[in-house]
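Okay, so here's the structure we're looking at.
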Amino acid sequence: MLDFGAPVLYNHTEGSFMKDIAEVWQEMLSIMEVEVHSLGFDVWIRPLQPIKAEDDVLVLCAPSDGAKSEVTSRYLPLMKHALREIEDAPGELIIVSEDEVPQPVAEEARSERVIEEEKPKPAGLGTLDPRYNFGEFVVGDCNRLAYEAALAVAEKPGEMFNPLFIYGDVGLGKTHIMQAIGNDLRITRPHCKMLYVSMDTFINEFIASIRGTHGVNNQAFRDKYRSVDLLMIDDVQFLSKKPSTQDELFHTFEALKSAGKQMVFASDRRPQDIPDLDSRVRSRFASSMIVDMQSPELETRIAILQKKSQKAKRNIGIEELSFIAERVTSNIREMEGVLTKVIYLSTLYGRKVDLAICQEALKDYLAAESDDVSVDEIIDCTCKYYGVNKSDVVGKRKNKEVVMPRQVAIYLINEFTNIPLSSIGSYFGGREHTTVMYARDKISALIVSDPKVKTAVADIKAMVLRK
Ligand code: ADP
Ligand code: MG
């Protein structure tokens, strides 16, 4: 059983601050530079200015309305993708044009930064986001199992569902429900020592501990991770291809498990679908209580919007909320992004949210989704570039000549559109979402390591955008 006698909460050394927006933007630029055609990068992306980060939303300002709509339709999915790769950065992103910003940009950016720096750090909150609690989590068929399991863990940690392994596509609430466990235990058992980290942090700290940098040695690392009552590790899919960290996690796992301590893991795929994973770690994950999270049905989406708008102290009509929920179907984070924009526009125009405002907020989202670039166009351009037949690329053949174009097309569809991974497979003879994920990850890695692939992807992107 858990030992709750320990007198202190775990105190995170990194603190809970969001990064400075200028820093986040620099990191985004360096991620996107690799992925975007250099001309497009200089013309559209570099001129953007980060102006503020508020309520987990990074606001970027484009120099004109025209630039805003170009950037939105061409690059928004890619930019969101880049943002998601940055730790301690806001989860959402919107682009506004200079005309929509009431104050001169530079001045506002400066004053925001000062406010960020002066904000006192909430004591002992670590890296848990207090908004991610059970009360703010809307339960529907899509996530009921995960919710019930998380609740059971919060009530009786270390007993029934240990470890708990939560998986599902991005933006469906994995981080929220996982942190809700920590936030709940913080109140019900204030002496519970807990630690929430992303797998990236675990990996980086482990490597630093081996090198002995940052004043941490391997023993200190072990003490930190093996002395908690509750260990939560997010995005464990990043463990792939990291054999020594996998070994360390395995021993951490064994130590905590034998001491009856609770572990919770979240991942964007099932244990058996995480590639290059040590069989011991895979089997430990596989023997967890595994729960999945699915895309929410319409009523749940409306209920989520209702909850979020009440939280923002906005009284938005059901017609308007339904209008949004009917159009943003797969990803809750994206839906929240649209709601944020709706609220922003309503403040800007000084009028209550109406359908026209919703429509305007959705315009960018829908344009970014797929109106401009269709799946067929992407597949056509890719086939043309590689000189292969479309029927082979979307068919079952597995020879080298068609596998690469197929994977590149999948990668580009994922970049250009908001089509969920599970649906992308249907354009390619009903392939599984894990196959799609594999293709996306493989091409992302090759873009960095293989200049030929990088050029191919950039050229095909340019072809698609010229259409
Ligand atoms: P994931 O970790 O699966 O990518 P997050 O947990 O970060 O997704 O969720 C994305 C956003 O959607 C968060 O702001 C979260 O609060 C919100 N969200 C997800 N599911 C729900 C839900 N069922 N009820 C309320 N908000 C939700
Ligand atoms: Mg997450």
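Just so we're on the same page: first chain in the structure tokens is A, next is B, and so on; residues restart at 1 for each chain, and ligands are numbered from 1 in the order they show up.
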
> So which residues are near ligand 1, meaning at most 10 Å away with only C-alpha atoms and all ligand atoms counted, given back as JSON, numbers by chain?
Replying inline: {"A": [55, 56, 84, 91, 92, 129, 131, 132, 133, 134, 135, 136, 137, 138, 139, 140, 142, 143, 144, 147, 166, 167, 168, 169, 170, 171, 172, 173, 174, 175, 176, 177, 178, 179, 180, 234, 235, 266, 267, 268, 293, 294, 295, 296, 300, 301, 303, 304, 305, 306, 307, 308, 331, 332, 333, 334, 335, 336, 337]}

> Which residues, written as JSON, numbers by chain, have at least one atom at most 12 Å from Leu348 in chain A, with only C-alpha atoms counted and residues fewer than 4 positions away on the same chain left out?
Replying inline: {"A": [96, 99, 100, 101, 102, 103, 341, 342, 343, 344, 352, 353, 357]}

Atoms to include: all heavy atoms. Write the selected residues as a CSV table (one decimal), in the first residue's frame.
chain,number,residue,atom,x,y,z
A,96,VAL,N,-3.8,36.2,-35.9
A,96,VAL,CA,-4.7,37.4,-36.1
A,96,VAL,C,-3.9,38.3,-37.1
A,96,VAL,O,-2.7,38.1,-37.3
A,96,VAL,CB,-4.9,38.2,-34.8
A,96,VAL,CG1,-5.7,37.3,-33.8
A,96,VAL,CG2,-3.7,38.6,-34.1
A,99,ASP,N,-4.5,44.4,-38.1
A,99,ASP,CA,-5.7,45.3,-38.0
A,99,ASP,C,-6.6,44.8,-36.8
A,99,ASP,O,-7.4,45.6,-36.3
A,99,ASP,CB,-6.6,45.2,-39.3
A,99,ASP,CG,-5.8,45.6,-40.5
A,99,ASP,OD1,-4.8,46.2,-40.3
A,99,ASP,OD2,-6.2,45.1,-41.6
A,100,GLU,N,-6.5,43.6,-36.5
A,100,GLU,CA,-7.3,43.1,-35.4
A,100,GLU,C,-6.8,43.3,-34.0
A,100,GLU,O,-7.4,43.0,-33.0
A,100,GLU,CB,-7.6,41.5,-35.6
A,100,GLU,CG,-8.4,41.2,-36.8
A,100,GLU,CD,-8.4,39.7,-37.0
A,100,GLU,OE1,-7.3,39.0,-36.9
A,100,GLU,OE2,-9.4,39.1,-37.3
A,101,VAL,N,-5.5,43.8,-34.0
A,101,VAL,CA,-4.9,44.0,-32.7
A,101,VAL,C,-5.1,45.4,-32.3
A,101,VAL,O,-4.6,46.3,-32.9
A,101,VAL,CB,-3.4,43.7,-32.8
A,101,VAL,CG1,-2.8,43.8,-31.4
A,101,VAL,CG2,-3.2,42.2,-33.3
A,102,PRO,N,-5.7,45.7,-31.2
A,102,PRO,CA,-6.0,47.0,-30.7
A,102,PRO,C,-4.8,47.9,-30.5
A,102,PRO,O,-4.8,49.1,-30.8
A,102,PRO,CB,-6.8,46.9,-29.5
A,102,PRO,CG,-7.2,45.4,-29.3
A,102,PRO,CD,-6.3,44.7,-30.3
A,103,GLN,N,-3.7,47.3,-29.9
A,103,GLN,CA,-2.6,48.1,-29.6
A,103,GLN,C,-1.5,47.9,-30.6
A,103,GLN,O,-1.4,46.9,-31.2
A,103,GLN,CB,-2.0,47.7,-28.2
A,103,GLN,CG,-2.9,48.0,-27.1
A,103,GLN,CD,-2.2,47.4,-25.8
A,103,GLN,OE1,-1.0,47.4,-25.7
A,103,GLN,NE2,-3.0,46.9,-24.9
A,341,LYS,N,-11.2,31.6,-30.3
A,341,LYS,CA,-11.3,32.6,-31.3
A,341,LYS,C,-12.6,33.3,-31.3
A,341,LYS,O,-12.7,34.5,-31.5
A,341,LYS,CB,-11.0,31.9,-32.7
A,341,LYS,CG,-11.1,32.8,-33.8
A,341,LYS,CD,-9.7,33.2,-34.4
A,341,LYS,CE,-9.8,34.3,-35.3
A,341,LYS,NZ,-9.0,34.2,-36.5
A,342,VAL,N,-13.7,32.5,-31.1
A,342,VAL,CA,-15.0,33.1,-31.1
A,342,VAL,C,-15.1,34.2,-29.9
A,342,VAL,O,-15.6,35.3,-30.2
A,342,VAL,CB,-16.1,32.0,-30.8
A,342,VAL,CG1,-17.4,32.5,-30.3
A,342,VAL,CG2,-16.3,31.2,-32.1
A,343,ILE,N,-14.6,33.8,-28.8
A,343,ILE,CA,-14.6,34.7,-27.7
A,343,ILE,C,-13.8,36.0,-27.9
A,343,ILE,O,-14.2,37.1,-27.7
A,343,ILE,CB,-14.2,34.0,-26.4
A,343,ILE,CG1,-15.2,32.9,-26.0
A,343,ILE,CG2,-14.0,35.0,-25.2
A,343,ILE,CD1,-14.8,32.0,-24.9
A,344,TYR,N,-12.6,35.7,-28.6
A,344,TYR,CA,-11.8,36.8,-28.9
A,344,TYR,C,-12.5,37.8,-29.9
A,344,TYR,O,-12.5,39.0,-29.7
A,344,TYR,CB,-10.5,36.2,-29.6
A,344,TYR,CG,-9.5,37.3,-30.1
A,344,TYR,CD1,-8.6,37.9,-29.2
A,344,TYR,CD2,-9.5,37.6,-31.4
A,344,TYR,CE1,-7.7,38.8,-29.7
A,344,TYR,CE2,-8.6,38.5,-31.9
A,344,TYR,CZ,-7.7,39.1,-31.1
A,344,TYR,OH,-6.8,40.1,-31.5
A,352,LYS,N,-22.3,40.3,-28.6
A,352,LYS,CA,-22.5,39.0,-28.1
A,352,LYS,C,-22.2,37.9,-29.2
A,352,LYS,O,-22.4,38.3,-30.4
A,352,LYS,CB,-24.0,38.8,-27.7
A,352,LYS,CG,-24.3,37.8,-26.7
A,352,LYS,CD,-25.8,38.0,-26.2
A,352,LYS,CE,-26.3,36.9,-25.4
A,352,LYS,NZ,-26.1,35.5,-25.8
A,353,VAL,N,-21.8,36.8,-28.8
A,353,VAL,CA,-21.5,35.8,-29.8
A,353,VAL,C,-22.7,35.4,-30.7
A,353,VAL,O,-23.8,35.1,-30.1
A,353,VAL,CB,-20.9,34.5,-29.2
A,353,VAL,CG1,-20.8,33.4,-30.2
A,353,VAL,CG2,-19.6,34.8,-28.5
A,357,ILE,N,-20.2,35.5,-36.0
A,357,ILE,CA,-18.9,35.4,-35.4
A,357,ILE,C,-18.4,33.9,-35.4
A,357,ILE,O,-17.2,33.7,-35.7
A,357,ILE,CB,-19.0,35.9,-33.9
A,357,ILE,CG1,-19.1,37.4,-33.9
A,357,ILE,CG2,-17.8,35.4,-33.1
A,357,ILE,CD1,-19.1,38.0,-32.5

> For Lys311 in chain A, which of A:Ala152, A:Thr340, A:Thr435, A:Glu248 is the closest residue, counting only C-alpha atoms?
Replying inline: A:Thr340

>> Would you compute the distance between CA of Met28 in chain A and CA of Ala82 in chain A? Give it in Å to one decimal.
In response: 5.7 Å

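Closest approach to ligand 2 among A:Leu231, A:Val59, A:Arg269, A:Ile94 is made by A:Arg269 (distances from only C-alpha atoms and all ligand atoms).
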
> Hey, what's within 10 Å of Gly158 in chain A if we count only C-alpha atoms and toss same-chain stuff fewer than 3 positions away? As a count of residues only, please?
Replying inline: 18

> Near Met32 in chain A, within 8 Å and counting only C-alpha atoms, which residues show up once chain neighbours fewer than 2 positions away are dropped, as an MDAnalysis selection string?
Replying inline: chainID A and resid 28:30 34:36 41 78:79 82

>> So that I can see what lies close to Met194 in chain A, please list as number ranges by chain the residues with an atom at most 9 Å from it, counting only C-alpha atoms and leaving out residues fewer than 3 positions away in the same chain.
In response: A: 9-10, 182, 185-186, 228-232

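Here the question is which of A:Gln407, A:Asn204, A:Ser449, A:Ser198 gets nearest to ligand 2 using only C-alpha atoms and all ligand atoms, and that residue is A:Ser198.
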
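Distance check against Pro271 in chain A using only C-alpha atoms: of A:Thr201, A:Ser283, A:Ser64, A:Ser73, the minimum falls on A:Ser283.
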
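Remark: for ligand 2, the closest of the candidate residues A:Ala325, A:Val216, A:Val236, A:Ile210 is A:Val236 (distances computed over only C-alpha atoms and all ligand atoms).
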
>> Let me make sure I understand: among A:Glu23, A:Asp88, A:Glu54, A:Glu33, which one has the smallest atom-to-atom distance to ligand 2 if we use only C-alpha atoms and all ligand atoms?
In response: A:Asp88

>> I need the residues in range 72-238 of chain A that are strand (DSSP E or B) according to DSSP; give them as a PyMOL selection string.
In response: chain A and resi 92-97+164-168+194-198+230-234

>> Give me the residues near Lys19 in chain A as a ChimeraX atom specification, where near means some atom within 9 Å (using only C-alpha atoms) and where sequence neighbours in that chain fewer than 3 positions away do not count.
In response: /A:22-24,87-90
